[in-house]
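Colleague: Take a look at target21.csv, CSV, C-alpha atoms:
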chain,number,residue,atom,x,y,z
I,1,MET,CA,15.4,49.6,-66.5
I,2,ARG,CA,17.0,46.3,-65.2
I,3,LYS,CA,17.6,45.2,-61.7
I,4,ALA,CA,20.6,43.1,-61.1
I,5,PHE,CA,22.4,42.2,-57.8
I,6,ASP,CA,20.3,44.7,-55.9
I,7,ALA,CA,21.1,47.6,-58.2
I,8,VAL,CA,19.2,49.3,-61.1
I,9,PHE,CA,20.7,49.8,-64.5
I,10,ASP,CA,19.3,51.8,-67.4
I,11,VAL,CA,21.0,49.4,-69.9
I,12,PRO,CA,19.3,48.7,-73.2
I,13,ASP,CA,18.3,45.2,-74.2
I,14,GLY,CA,21.0,43.4,-76.1
I,15,TYR,CA,23.9,45.5,-74.7
I,16,LEU,CA,26.8,43.0,-75.1
I,17,ASN,CA,29.7,45.5,-75.2
I,18,THR,CA,30.9,46.0,-71.6
I,19,ALA,CA,34.4,45.0,-72.8
I,20,SER,CA,34.3,48.4,-74.6
I,21,ILE,CA,32.3,50.5,-72.2
I,22,GLY,CA,30.6,49.4,-68.9
I,23,ILE,CA,27.2,50.8,-68.0
I,24,PRO,CA,27.0,52.2,-64.4
I,25,PRO,CA,24.2,51.7,-61.9
I,26,THR,CA,21.6,54.4,-62.0
I,27,GLU,CA,22.7,55.5,-58.5
I,28,THR,CA,26.2,56.2,-59.9
I,29,VAL,CA,24.6,58.2,-62.7
I,30,ARG,CA,22.7,60.2,-60.2
I,31,LYS,CA,25.7,61.0,-58.0
I,32,VAL,CA,27.8,62.1,-61.0
I,33,ALA,CA,25.0,64.2,-62.3
I,34,GLU,CA,24.7,65.9,-58.9
I,35,ALA,CA,28.4,66.5,-58.9
I,36,VAL,CA,28.2,68.1,-62.4
I,37,GLN,CA,25.3,70.3,-61.1
I,38,ARG,CA,27.4,71.3,-58.0
I,39,TRP,CA,30.3,72.1,-60.3
I,40,GLY,CA,28.1,74.2,-62.5
I,41,SER,CA,26.8,76.1,-59.5
I,42,GLY,CA,30.2,76.7,-57.9
I,43,LEU,CA,29.3,74.7,-54.8
I,44,ASP,CA,32.4,72.5,-54.5
I,45,ARG,CA,35.9,73.0,-53.2
I,46,PRO,CA,38.9,70.8,-54.3
I,47,GLY,CA,39.0,69.0,-50.9
I,48,ASP,CA,35.4,67.9,-51.3
I,49,PHE,CA,36.6,65.1,-53.6
I,50,ASP,CA,39.1,63.5,-51.3
I,51,GLU,CA,36.5,61.2,-49.8
I,52,HIS,CA,35.6,59.9,-53.3
I,53,VAL,CA,39.2,59.3,-54.1
I,54,ALA,CA,39.7,57.4,-50.8
I,55,THR,CA,36.6,55.3,-51.3
I,56,ALA,CA,37.5,54.3,-54.8
I,57,ARG,CA,41.0,53.5,-53.8
I,58,ASP,CA,39.8,51.2,-51.0
I,59,ALA,CA,37.3,49.5,-53.3
I,60,PHE,CA,39.9,48.8,-55.9
I,61,ALA,CA,42.2,47.3,-53.3
I,62,ARG,CA,39.4,45.0,-52.1
I,63,LEU,CA,38.5,44.0,-55.7
I,64,VAL,CA,42.1,42.9,-56.5
I,65,GLY,CA,42.9,41.6,-53.0
I,66,VAL,CA,45.6,44.0,-51.8
I,67,PRO,CA,45.9,46.5,-48.9
I,68,ALA,CA,44.7,50.0,-49.8
I,69,ASP,CA,48.1,51.6,-49.0
I,70,ARG,CA,49.6,49.8,-52.0
I,71,VAL,CA,47.3,51.5,-54.4
I,72,ALA,CA,48.0,54.7,-56.4
I,73,ILE,CA,45.4,56.6,-58.5
I,74,GLY,CA,45.8,57.6,-62.1
I,75,ALA,CA,43.8,58.4,-65.2
I,76,SER,CA,44.3,55.6,-67.7
I,77,ALA,CA,45.9,52.1,-67.8
I,78,SER,CA,48.7,53.2,-70.1
I,79,GLN,CA,49.5,56.1,-67.8
I,80,VAL,CA,50.0,54.0,-64.7
I,81,ILE,CA,51.7,51.1,-66.6
I,82,GLY,CA,54.0,53.8,-68.1
I,83,LEU,CA,55.3,54.6,-64.6
I,84,VAL,CA,56.4,51.0,-64.3
I,85,ALA,CA,57.8,50.8,-67.8
I,86,ALA,CA,59.8,54.0,-67.4
I,87,SER,CA,61.3,52.6,-64.2
I,88,VAL,CA,62.5,49.1,-65.3
I,89,PRO,CA,66.4,49.0,-65.5
I,90,ASP,CA,68.2,49.8,-68.7
I,91,GLY,CA,68.4,46.6,-70.8
I,92,ALA,CA,65.5,44.9,-69.0
I,93,ARG,CA,64.0,41.9,-70.9
I,94,VAL,CA,60.2,42.1,-71.0
I,95,LEU,CA,57.9,39.3,-72.0
I,96,VAL,CA,54.4,40.1,-73.3
I,97,ALA,CA,51.5,38.2,-75.0
I,98,THR,CA,51.2,38.5,-78.8
I,99,ASP,CA,48.5,41.0,-79.7
I,100,ASP,CA,47.8,42.0,-76.1
I,101,PHE,CA,46.2,45.4,-75.7
I,102,THR,CA,48.7,48.2,-76.7
I,103,SER,CA,48.3,50.0,-73.4
I,104,VAL,CA,50.2,47.1,-71.9
I,105,LEU,CA,52.7,46.8,-74.8
I,106,PHE,CA,53.5,50.4,-75.9
I,107,PRO,CA,54.8,51.8,-72.5
I,108,PHE,CA,57.5,49.1,-72.5
I,109,ALA,CA,58.2,49.3,-76.3
I,110,ALA,CA,58.7,53.1,-75.8
I,111,GLN,CA,61.8,52.3,-73.6
I,112,ALA,CA,63.8,50.8,-76.5
I,113,ASP,CA,66.3,53.7,-76.4
I,114,ARG,CA,67.4,52.4,-72.9
I,115,GLY,CA,68.0,48.9,-74.3
I,116,VAL,CA,64.7,47.5,-73.0
I,117,THR,CA,63.6,44.7,-75.2
I,118,VAL,CA,60.0,43.4,-75.6
I,119,THR,CA,59.4,39.9,-76.7
I,120,GLU,CA,56.0,38.7,-77.9
I,121,VAL,CA,54.9,35.1,-77.4
I,122,GLU,CA,51.5,33.4,-77.5
I,123,LEU,CA,49.6,33.7,-74.3
I,124,ASP,CA,49.8,30.0,-73.5
I,125,GLU,CA,53.6,30.2,-73.7
I,126,ILE,CA,54.0,33.0,-71.2
I,127,ALA,CA,54.3,30.8,-68.2
I,128,ALA,CA,57.0,28.5,-69.6
I,129,ARG,CA,59.1,31.4,-71.0
I,130,ALA,CA,58.7,33.7,-67.9
I,131,PRO,CA,61.8,32.5,-66.0
I,132,ASP,CA,64.0,33.7,-68.9
I,133,PHE,CA,62.8,37.3,-68.5
I,134,ASP,CA,63.1,40.1,-66.1
I,135,VAL,CA,59.5,41.3,-66.4
I,136,VAL,CA,56.3,39.7,-67.6
I,137,ALA,CA,53.6,42.3,-68.6
I,138,VAL,CA,50.3,40.8,-69.6
I,139,SER,CA,46.5,41.4,-69.4
I,140,ALA,CA,44.8,39.1,-66.9
I,141,VAL,CA,42.0,38.7,-69.5
I,142,GLN,CA,42.8,39.4,-73.1
I,143,SER,CA,40.8,42.3,-74.6
I,144,LYS,CA,40.6,40.8,-78.0
I,145,ASP,CA,39.2,37.4,-77.2
I,146,GLY,CA,38.7,36.9,-73.5
I,147,ARG,CA,41.5,34.3,-72.9
I,148,ILE,CA,42.7,34.2,-69.3
I,149,ALA,CA,46.3,34.3,-68.1
I,150,ASP,CA,47.7,31.5,-66.0
I,151,PHE,CA,47.9,33.3,-62.6
I,152,GLU,CA,49.3,30.3,-60.7
I,153,ALA,CA,52.2,29.8,-63.2
I,154,LEU,CA,53.0,33.5,-63.1
I,155,GLU,CA,53.1,33.5,-59.3
I,156,LEU,CA,55.4,30.5,-59.4
I,157,ALA,CA,57.7,32.2,-61.9
I,158,ARG,CA,57.9,35.2,-59.6
I,159,ARG,CA,58.5,33.1,-56.5
I,160,GLU,CA,61.1,30.7,-57.9
I,161,HIS,CA,62.8,32.7,-60.5
I,162,GLY,CA,62.4,36.3,-59.5
I,163,THR,CA,60.6,37.3,-62.6
I,164,ARG,CA,58.6,40.5,-62.0
I,165,VAL,CA,55.0,40.4,-63.0
I,166,LEU,CA,52.7,43.2,-64.1
I,167,LEU,CA,49.0,42.3,-64.6
I,168,ASP,CA,46.6,44.6,-66.3
I,169,VAL,CA,43.2,43.7,-64.9
I,170,THR,CA,41.1,46.1,-66.9
I,171,GLN,CA,39.2,43.3,-68.5
I,172,ALA,CA,39.0,41.2,-65.3
I,173,ALA,CA,38.3,43.4,-62.3
I,174,GLY,CA,34.6,43.7,-61.7
I,175,TRP,CA,33.5,40.3,-62.9
I,176,MET,CA,36.3,38.0,-61.9
I,177,PRO,CA,37.3,37.3,-58.2
I,178,LEU,CA,40.9,38.3,-57.9
I,179,SER,CA,43.5,37.7,-55.2
I,180,LEU,CA,46.7,39.4,-56.5
I,181,ASP,CA,48.6,40.4,-53.5
I,182,TRP,CA,51.5,38.4,-54.9
I,183,ALA,CA,51.9,40.4,-58.1
I,184,ASP,CA,54.5,43.1,-58.4
I,185,TRP,CA,52.2,45.6,-60.1
I,186,VAL,CA,48.4,45.4,-60.8
I,187,ALA,CA,47.0,48.1,-63.1
I,188,ALA,CA,43.4,48.8,-64.3
I,189,ALA,CA,41.3,51.4,-66.0
I,190,GLY,CA,37.8,51.8,-64.5
I,191,TYR,CA,35.5,52.4,-67.4
I,192,LYS,CA,34.7,48.8,-68.4
I,193,TRP,CA,33.8,46.1,-65.9
I,194,LEU,CA,34.2,48.5,-62.9
I,195,MET,CA,31.5,50.7,-64.4
I,196,ALA,CA,33.3,53.9,-63.5
I,197,PRO,CA,33.7,57.0,-65.8
I,198,ARG,CA,36.7,57.2,-68.1
I,199,GLY,CA,39.5,59.1,-66.4
I,200,SER,CA,39.9,56.7,-63.5
I,201,ALA,CA,42.7,54.1,-63.1
I,202,TRP,CA,44.7,52.5,-60.4
I,203,LEU,CA,48.1,50.9,-59.8
I,204,ALA,CA,48.8,48.5,-57.0
I,205,VAL,CA,52.5,48.1,-56.1
I,206,HIS,CA,53.8,45.2,-54.1
I,207,PRO,CA,56.1,46.3,-51.2
I,208,ASP,CA,58.9,44.0,-52.5
I,209,ALA,CA,58.7,45.3,-56.0
I,210,PRO,CA,61.0,47.9,-57.4
I,211,ARG,CA,59.2,51.2,-56.7
I,212,PRO,CA,58.3,53.1,-59.9
I,213,VAL,CA,59.9,56.5,-60.3
I,214,PRO,CA,57.2,59.1,-59.7
I,215,HIS,CA,57.5,60.7,-63.1
I,216,SER,CA,54.2,62.5,-62.6
I,217,ALA,CA,55.1,63.8,-59.1
I,218,ASN,CA,52.6,66.4,-58.1
I,219,TRP,CA,51.0,68.0,-55.0
I,220,TYR,CA,48.4,65.3,-54.6
I,221,ALA,CA,51.1,62.6,-54.2
I,222,ALA,CA,52.4,64.4,-51.1
I,223,ASP,CA,51.9,62.9,-47.7
I,224,ASP,CA,49.8,66.0,-46.9
I,225,PRO,CA,48.5,67.3,-50.3
I,226,TRP,CA,47.1,70.4,-48.9
I,227,GLU,CA,50.4,71.4,-47.3
I,228,ALA,CA,52.3,70.7,-50.5
I,229,THR,CA,50.8,73.0,-53.0
I,230,TYR,CA,53.9,75.3,-53.3
I,231,GLY,CA,57.6,75.1,-53.2
I,232,LEU,CA,60.4,72.6,-52.5
I,233,PRO,CA,61.6,70.3,-51.1
I,234,LEU,CA,60.0,67.2,-52.7
I,235,ARG,CA,57.8,65.6,-50.1
I,236,LEU,CA,55.9,62.6,-51.4
I,237,ALA,CA,53.9,60.0,-49.4
I,238,ASP,CA,56.0,57.0,-48.4
I,239,ASP,CA,53.3,54.5,-49.6
I,240,ALA,CA,51.8,54.1,-53.0
I,241,ARG,CA,50.1,57.4,-52.7
I,242,GLY,CA,53.4,58.9,-53.6
I,243,LEU,CA,52.6,57.8,-57.2
I,244,ASP,CA,49.2,59.4,-57.3
I,245,LEU,CA,48.1,61.6,-60.2
I,246,SER,CA,46.0,64.6,-59.3
I,247,PRO,CA,42.5,63.1,-59.5
I,248,VAL,CA,40.0,63.6,-62.3
I,249,TRP,CA,37.3,64.7,-59.9
I,250,LEU,CA,34.1,63.7,-61.7
I,251,ALA,CA,35.6,60.3,-62.7
I,252,GLN,CA,36.4,59.6,-59.0
I,253,VAL,CA,32.9,60.5,-57.9
I,254,GLY,CA,31.5,57.8,-60.3
I,255,ALA,CA,34.3,55.3,-59.5
I,256,ALA,CA,33.6,55.6,-55.8
I,257,ALA,CA,29.9,55.0,-56.3
I,258,SER,CA,30.1,52.0,-58.6
I,259,MET,CA,33.1,50.3,-57.1
I,260,GLU,CA,32.1,50.6,-53.4
I,261,TRP,CA,28.9,48.9,-54.4
I,262,LEU,CA,30.7,46.3,-56.5
I,263,ALA,CA,33.3,45.5,-53.8
I,264,CYS,CA,30.4,44.6,-51.4
I,265,ARG,CA,29.0,42.0,-53.9
I,266,ASP,CA,29.9,38.3,-54.1
I,267,LEU,CA,32.3,38.3,-57.0
I,268,ALA,CA,32.2,34.5,-57.3
I,269,GLU,CA,28.4,34.8,-57.9
I,270,ILE,CA,29.0,37.6,-60.4
I,271,ALA,CA,31.6,35.5,-62.3
I,272,ALA,CA,29.3,32.5,-62.4
I,273,HIS,CA,26.5,34.7,-63.8
I,274,CYS,CA,28.7,36.3,-66.5
I,275,THR,CA,30.6,33.1,-67.6
I,276,GLY,CA,27.3,31.2,-67.5
I,277,LEU,CA,25.7,33.5,-70.0
I,278,ALA,CA,28.9,33.6,-72.1
I,279,ASP,CA,29.3,29.8,-72.2
I,280,GLY,CA,25.6,29.3,-72.7
I,281,PHE,CA,25.8,31.6,-75.7
I,282,LEU,CA,28.7,29.5,-77.1
I,283,ALA,CA,26.9,26.3,-76.5
I,284,GLU,CA,23.9,27.5,-78.5
I,285,LEU,CA,26.3,28.2,-81.4
I,286,GLY,CA,27.8,24.7,-81.1
I,287,GLU,CA,31.1,26.0,-79.7
I,288,GLU,CA,33.2,25.0,-76.7
I,289,PRO,CA,32.9,26.9,-73.4
I,290,ALA,CA,35.7,29.3,-72.6
I,291,GLY,CA,35.0,30.2,-68.9
I,292,SER,CA,35.4,33.9,-69.7
I,293,ALA,CA,32.9,36.8,-69.7
I,294,ILE,CA,34.3,37.8,-73.1
I,295,VAL,CA,33.5,35.8,-76.2
I,296,SER,CA,35.3,36.1,-79.6
I,297,LEU,CA,33.6,34.7,-82.7
I,298,ALA,CA,35.4,33.9,-86.0
I,299,ARG,CA,32.3,34.9,-88.0
I,300,PRO,CA,32.9,37.7,-90.5
I,301,ASP,CA,29.2,38.6,-90.8
I,302,ALA,CA,28.4,38.4,-87.1
I,303,VAL,CA,28.9,42.1,-86.3
I,304,ALA,CA,26.5,43.1,-89.1
I,305,LYS,CA,23.9,40.5,-88.0
I,306,LEU,CA,24.1,41.5,-84.3
I,307,THR,CA,24.0,45.2,-84.8
I,308,GLY,CA,21.3,44.8,-87.4
I,309,ALA,CA,19.2,43.1,-84.8
I,310,GLY,CA,19.8,45.9,-82.3
I,311,LEU,CA,22.5,44.3,-80.2
I,312,ALA,CA,25.7,46.2,-79.2
I,313,CYS,CA,29.0,44.4,-79.8
I,314,ALA,CA,32.4,45.1,-81.2
I,315,SER,CA,34.8,44.1,-83.9
I,316,ARG,CA,38.3,43.2,-82.6
I,317,GLY,CA,41.2,41.7,-84.6
I,318,GLY,CA,38.9,40.7,-87.5
I,319,ARG,CA,36.6,38.8,-85.1
I,320,THR,CA,33.3,39.6,-83.4
I,321,ARG,CA,33.5,40.3,-79.7
I,322,VAL,CA,30.6,40.1,-77.3
I,323,SER,CA,30.8,40.5,-73.5
I,324,PHE,CA,28.4,39.6,-70.6
I,325,HIS,CA,28.3,41.6,-67.4
I,326,LEU,CA,26.2,41.3,-64.3
I,327,TYR,CA,23.3,43.3,-65.8
I,328,ASN,CA,23.0,40.9,-68.8
I,329,THR,CA,20.3,38.2,-68.9
I,330,ALA,CA,19.3,35.0,-70.7
I,331,ASP,CA,17.1,37.2,-72.9
I,332,ASP,CA,20.2,38.9,-74.3
I,333,VAL,CA,21.7,35.5,-75.1
I,334,GLU,CA,18.5,34.4,-76.8
I,335,ARG,CA,18.4,37.6,-78.9
I,336,ALA,CA,22.1,37.2,-80.0
I,337,VAL,CA,21.6,33.5,-80.9
I,338,ARG,CA,18.5,34.3,-83.0
I,339,ALA,CA,20.5,37.0,-84.8
I,340,LEU,CA,23.3,34.6,-85.7
I,341,LEU,CA,21.4,31.4,-86.6
Spit out the file's structure as structure tokens when you get a sec.
Modeller:
Amino acid sequence: MRKAFDAVFDVPDGYLNTASIGIPPTETVRKVAEAVQRWGSGLDRPGDFDEHVATARDAFARLVGVPADRVAIGASASQVIGLVAASVPDGARVLVATDDFTSVLFPFAAQADRGVTVTEVELDEIAARAPDFDVVAVSAVQSKDGRIADFEALELARREHGTRVLLDVTQAAGWMPLSLDWADWVAAAGYKWLMAPRGSAWLAVHPDAPRPVPHSANWYAADDPWEATYGLPLRLADDARGLDLSPVWLAQVGAAASMEWLACRDLAEIAAHCTGLADGFLAELGEEPAGSAIVSLARPDAVAKLTGAGLACASRGGRTRVSFHLYNTADDVERAVRALL
């Protein structure tokens, strides 16, 4: 067991793989286990989960810096991004980062039959090219190597040139302080740095942004879900809840527990902790700091060395990826360095 930021985690020594799967606090595990037990005993009713949905929605809003009424719930990043992609105008020009995560790229590429074009450029070229496009869709932090998008330049492109901006914060929210009330759409899955179960995702929609078509319209997206279980007419909520997917119940229980706790922490302190470990790790290997919680190493043998020493990491794009969250310590860095030197 480890204690970090006033929570306890049953995370193994050398777990450097949050960019793949985040480890929840033990309190979250307890609450999800209790929910499973209630389910198995027939003790819950559908409405019992509304409080968890509302708590997680509010926590996500605070973590990305937007009002809660802008936030819709979903089940995966690609599903909520898909709502946006399917709603951009025919012939829209979309700019993306080369080798970004496919949950950002594929929803837009799938719109080719409507004349939507997707252009890939290097991440550091996004800001300069943004004014020539209708939409920029990019990960706030790149999954493959931890590089960080230029938020200020993207905000400027939106303000001065009208370029719409979609940010996927799946690899940022939870360790990075975010204030994204300016972005048109902010999407995230919860199972990494937000330490929620898989099956939880959110989409924040700016009030001035084109509203996505509710292609997954359902009873839970109604203004009063419990009045809208049968029959027409269509009666969706006027705010972002009108885009809600019917919730994955157990995922929302875990999301509410982890994210409400996380939203009450000092994210600047968490970011300093995570990037301090990551940059310290790079320094020990004689490499330049990157200021990200995700580190990518161009060492073909690094995955074998790290896993052989009992550390958890990942192979992405032919490189070794390690990631440091709030529950990691200097001992994890030391173990990883020893394994590689």
Colleague: Extract, using all atoms listed in the file, all DNA, RNA and protein residues at most 12 Å from Ala302 of chain I, discarding same-chain residues fewer than 5 positions from it, and format them as a PDB file with C-alpha atoms, in the frame of the given file.
Modeller:
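Okay, this is what ended up in selection_38.pdb:
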ATOM      1  CA  LEU I 285      26.300  28.200 -81.400  1.00  0.00           C
ATOM      2  CA  SER I 296      35.300  36.100 -79.600  1.00  0.00           C
ATOM      3  CA  LEU I 297      33.600  34.700 -82.700  1.00  0.00           C
ATOM      4  CA  THR I 307      24.000  45.200 -84.800  1.00  0.00           C
ATOM      5  CA  GLY I 308      21.300  44.800 -87.400  1.00  0.00           C
ATOM      6  CA  ALA I 309      19.200  43.100 -84.800  1.00  0.00           C
ATOM      7  CA  LEU I 311      22.500  44.300 -80.200  1.00  0.00           C
ATOM      8  CA  ALA I 312      25.700  46.200 -79.200  1.00  0.00           C
ATOM      9  CA  CYS I 313      29.000  44.400 -79.800  1.00  0.00           C
ATOM     10  CA  ALA I 314      32.400  45.100 -81.200  1.00  0.00           C
ATOM     11  CA  SER I 315      34.800  44.100 -83.900  1.00  0.00           C
ATOM     12  CA  ARG I 316      38.300  43.200 -82.600  1.00  0.00           C
ATOM     13  CA  GLY I 318      38.900  40.700 -87.500  1.00  0.00           C
ATOM     14  CA  ARG I 319      36.600  38.800 -85.100  1.00  0.00           C
ATOM     15  CA  THR I 320      33.300  39.600 -83.400  1.00  0.00           C
ATOM     16  CA  ARG I 321      33.500  40.300 -79.700  1.00  0.00           C
ATOM     17  CA  VAL I 322      30.600  40.100 -77.300  1.00  0.00           C
ATOM     18  CA  ALA I 336      22.100  37.200 -80.000  1.00  0.00           C
ATOM     19  CA  VAL I 337      21.600  33.500 -80.900  1.00  0.00           C
ATOM     20  CA  ARG I 338      18.500  34.300 -83.000  1.00  0.00           C
ATOM     21  CA  ALA I 339      20.500  37.000 -84.800  1.00  0.00           C
ATOM     22  CA  LEU I 340      23.300  34.600 -85.700  1.00  0.00           C
ATOM     23  CA  LEU I 341      21.400  31.400 -86.600  1.00  0.00           C
TER      24      LEU I 341
END
Colleague: Given the choices I:Asp223, I:Asp208, I:Asp145, I:Asp58, which gets closest to Gln171 of chain I if the distance is worked out from all atoms listed in the file?
Modeller: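 Answer, going by the shortest atom-to-atom distance: I:Asp145.
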Colleague: Could you please determine the separation between atom CA of Glu269 of chain I and atom CA of Gly291 of chain I in Å, to one decimal place?
Modeller: 13.6 Å
Colleague: Have a look at I:Ala268, I:Tyr327, I:Val66, I:Ser87 and name the one nearest to Asp10 of chain I; count all atoms listed in the file.
Modeller: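 Between I:Ala268, I:Tyr327, I:Val66, I:Ser87, the residue approaching Asp10 of chain I most closely is I:Tyr327.
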Colleague: Counting all atoms listed in the file, figure out which residue out of I:Arg241, I:Arg2, I:Arg62, I:His206 gets nearest to Leu178 of chain I.
Modeller: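 For Leu178 of chain I, the nearest of the given residues is I:Arg62.
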Colleague: For a quick check of your reading of the model, name the residues lying within 10 Å of the coordinate (31.8, 45.9, -53.1), counting all atoms listed in the file, and write them as a count of residues only.
Modeller: 17
Colleague: Skip Ala293 of chain I itself and residues of its chain fewer than 3 positions away, then list as number ranges by chain all residues within 6 Å of it, counting all atoms listed in the file.
Modeller: I: 274-275, 278, 323-324
Colleague: Could you work out how far atom CA of Ile23 of chain I lies from atom CA of Met195 of chain I, giving the answer in Å with one decimal?
Modeller: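 Those two atoms sit 5.6 Å apart.
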Colleague: What lies within 12 Å of His325 of chain I using all atoms listed in the file, ignoring chain neighbours under 3 positions off, as a tab-separated table (two decimals) with C-alpha atoms, keeping the file's coordinate frame?
Modeller:
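Wrote around32.tsv, looks like this:
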chain	number	residue	atom	x	y	z
I	4	ALA	CA	20.60	43.10	-61.10
I	5	PHE	CA	22.40	42.20	-57.80
I	9	PHE	CA	20.70	49.80	-64.50
I	11	VAL	CA	21.00	49.40	-69.90
I	14	GLY	CA	21.00	43.40	-76.10
I	15	TYR	CA	23.90	45.50	-74.70
I	16	LEU	CA	26.80	43.00	-75.10
I	17	ASN	CA	29.70	45.50	-75.20
I	18	THR	CA	30.90	46.00	-71.60
I	19	ALA	CA	34.40	45.00	-72.80
I	20	SER	CA	34.30	48.40	-74.60
I	21	ILE	CA	32.30	50.50	-72.20
I	22	GLY	CA	30.60	49.40	-68.90
I	23	ILE	CA	27.20	50.80	-68.00
I	24	PRO	CA	27.00	52.20	-64.40
I	171	GLN	CA	39.20	43.30	-68.50
I	172	ALA	CA	39.00	41.20	-65.30
I	173	ALA	CA	38.30	43.40	-62.30
I	174	GLY	CA	34.60	43.70	-61.70
I	175	TRP	CA	33.50	40.30	-62.90
I	176	MET	CA	36.30	38.00	-61.90
I	192	LYS	CA	34.70	48.80	-68.40
I	193	TRP	CA	33.80	46.10	-65.90
I	194	LEU	CA	34.20	48.50	-62.90
I	195	MET	CA	31.50	50.70	-64.40
I	267	LEU	CA	32.30	38.30	-57.00
I	269	GLU	CA	28.40	34.80	-57.90
I	270	ILE	CA	29.00	37.60	-60.40
I	271	ALA	CA	31.60	35.50	-62.30
I	272	ALA	CA	29.30	32.50	-62.40
I	273	HIS	CA	26.50	34.70	-63.80
I	274	CYS	CA	28.70	36.30	-66.50
I	275	THR	CA	30.60	33.10	-67.60
I	276	GLY	CA	27.30	31.20	-67.50
I	277	LEU	CA	25.70	33.50	-70.00
I	278	ALA	CA	28.90	33.60	-72.10
I	292	SER	CA	35.40	33.90	-69.70
I	293	ALA	CA	32.90	36.80	-69.70
I	294	ILE	CA	34.30	37.80	-73.10
I	295	VAL	CA	33.50	35.80	-76.20
I	322	VAL	CA	30.60	40.10	-77.30
I	328	ASN	CA	23.00	40.90	-68.80
I	329	THR	CA	20.30	38.20	-68.90
I	330	ALA	CA	19.30	35.00	-70.70
I	332	ASP	CA	20.20	38.90	-74.30
I	333	VAL	CA	21.70	35.50	-75.10
Colleague: Show me, as an mmCIF file with C-alpha atoms, in the coordinates of the input, the residues that have an atom within 12 Å of His215 of chain I when counting all atoms listed in the file, minus same-chain residues fewer than 2 positions from it.
Modeller:
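Here's the written file selection03.cif:
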data_model
loop_
_atom_site.group_PDB
_atom_site.id
_atom_site.type_symbol
_atom_site.label_atom_id
_atom_site.label_comp_id
_atom_site.auth_asym_id
_atom_site.auth_seq_id
_atom_site.Cartn_x
_atom_site.Cartn_y
_atom_site.Cartn_z
ATOM 1 C CA GLN I 79 49.500 56.100 -67.800
ATOM 2 C CA VAL I 80 50.000 54.000 -64.700
ATOM 3 C CA ILE I 81 51.700 51.100 -66.600
ATOM 4 C CA GLY I 82 54.000 53.800 -68.100
ATOM 5 C CA LEU I 83 55.300 54.600 -64.600
ATOM 6 C CA VAL I 84 56.400 51.000 -64.300
ATOM 7 C CA ALA I 85 57.800 50.800 -67.800
ATOM 8 C CA ALA I 86 59.800 54.000 -67.400
ATOM 9 C CA SER I 87 61.300 52.600 -64.200
ATOM 10 C CA ARG I 211 59.200 51.200 -56.700
ATOM 11 C CA PRO I 212 58.300 53.100 -59.900
ATOM 12 C CA VAL I 213 59.900 56.500 -60.300
ATOM 13 C CA ALA I 217 55.100 63.800 -59.100
ATOM 14 C CA ASN I 218 52.600 66.400 -58.100
ATOM 15 C CA ALA I 221 51.100 62.600 -54.200
ATOM 16 C CA LEU I 236 55.900 62.600 -51.400
ATOM 17 C CA GLY I 242 53.400 58.900 -53.600
ATOM 18 C CA LEU I 243 52.600 57.800 -57.200
ATOM 19 C CA ASP I 244 49.200 59.400 -57.300
ATOM 20 C CA LEU I 245 48.100 61.600 -60.200
#
Colleague: Quick one: residues within 8 Å of (64.7, 40.7, -71.9) (file frame), counting all atoms listed in the file, please, as number ranges by chain.
Modeller: I: 91-95, 116-119, 132-135
Colleague: Can you write just those residues out, C-alpha atoms, as a compact mmCIF listing (two decimals), in the coordinates of the input?
Modeller:
# COMPACT_ATOMS: atom_id res chain seq x y z
CA GLY I 91 68.40 46.60 -70.80
CA ALA I 92 65.50 44.90 -69.00
CA ARG I 93 64.00 41.90 -70.90
CA VAL I 94 60.20 42.10 -71.00
CA LEU I 95 57.90 39.30 -72.00
CA VAL I 116 64.70 47.50 -73.00
CA THR I 117 63.60 44.70 -75.20
CA VAL I 118 60.00 43.40 -75.60
CA THR I 119 59.40 39.90 -76.70
CA ASP I 132 64.00 33.70 -68.90
CA PHE I 133 62.80 37.30 -68.50
CA ASP I 134 63.10 40.10 -66.10
CA VAL I 135 59.50 41.30 -66.40
Colleague: Considering only C-alpha atoms, can you say which of I:Ala189, I:Ala35, I:Ala137, I:Val303 comes closest to Asp100 of chain I?
Modeller: I:Ala137
Colleague: How far is it from atom CA of Ile148 of chain I to atom CA of Val169 of chain I, in Å with one decimal?
Modeller: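 So the answer is 10.5 Å.
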Colleague: Let me make sure I understand: among I:Ala298, I:Ala33, I:Arg335, I:Ala128, which one has the smallest atom-to-atom distance to Gly317 of chain I if we use all atoms listed in the file?
Modeller: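 Of I:Ala298, I:Ala33, I:Arg335, I:Ala128, the one nearest Gly317 of chain I, counting all atoms listed in the file, is I:Ala298.
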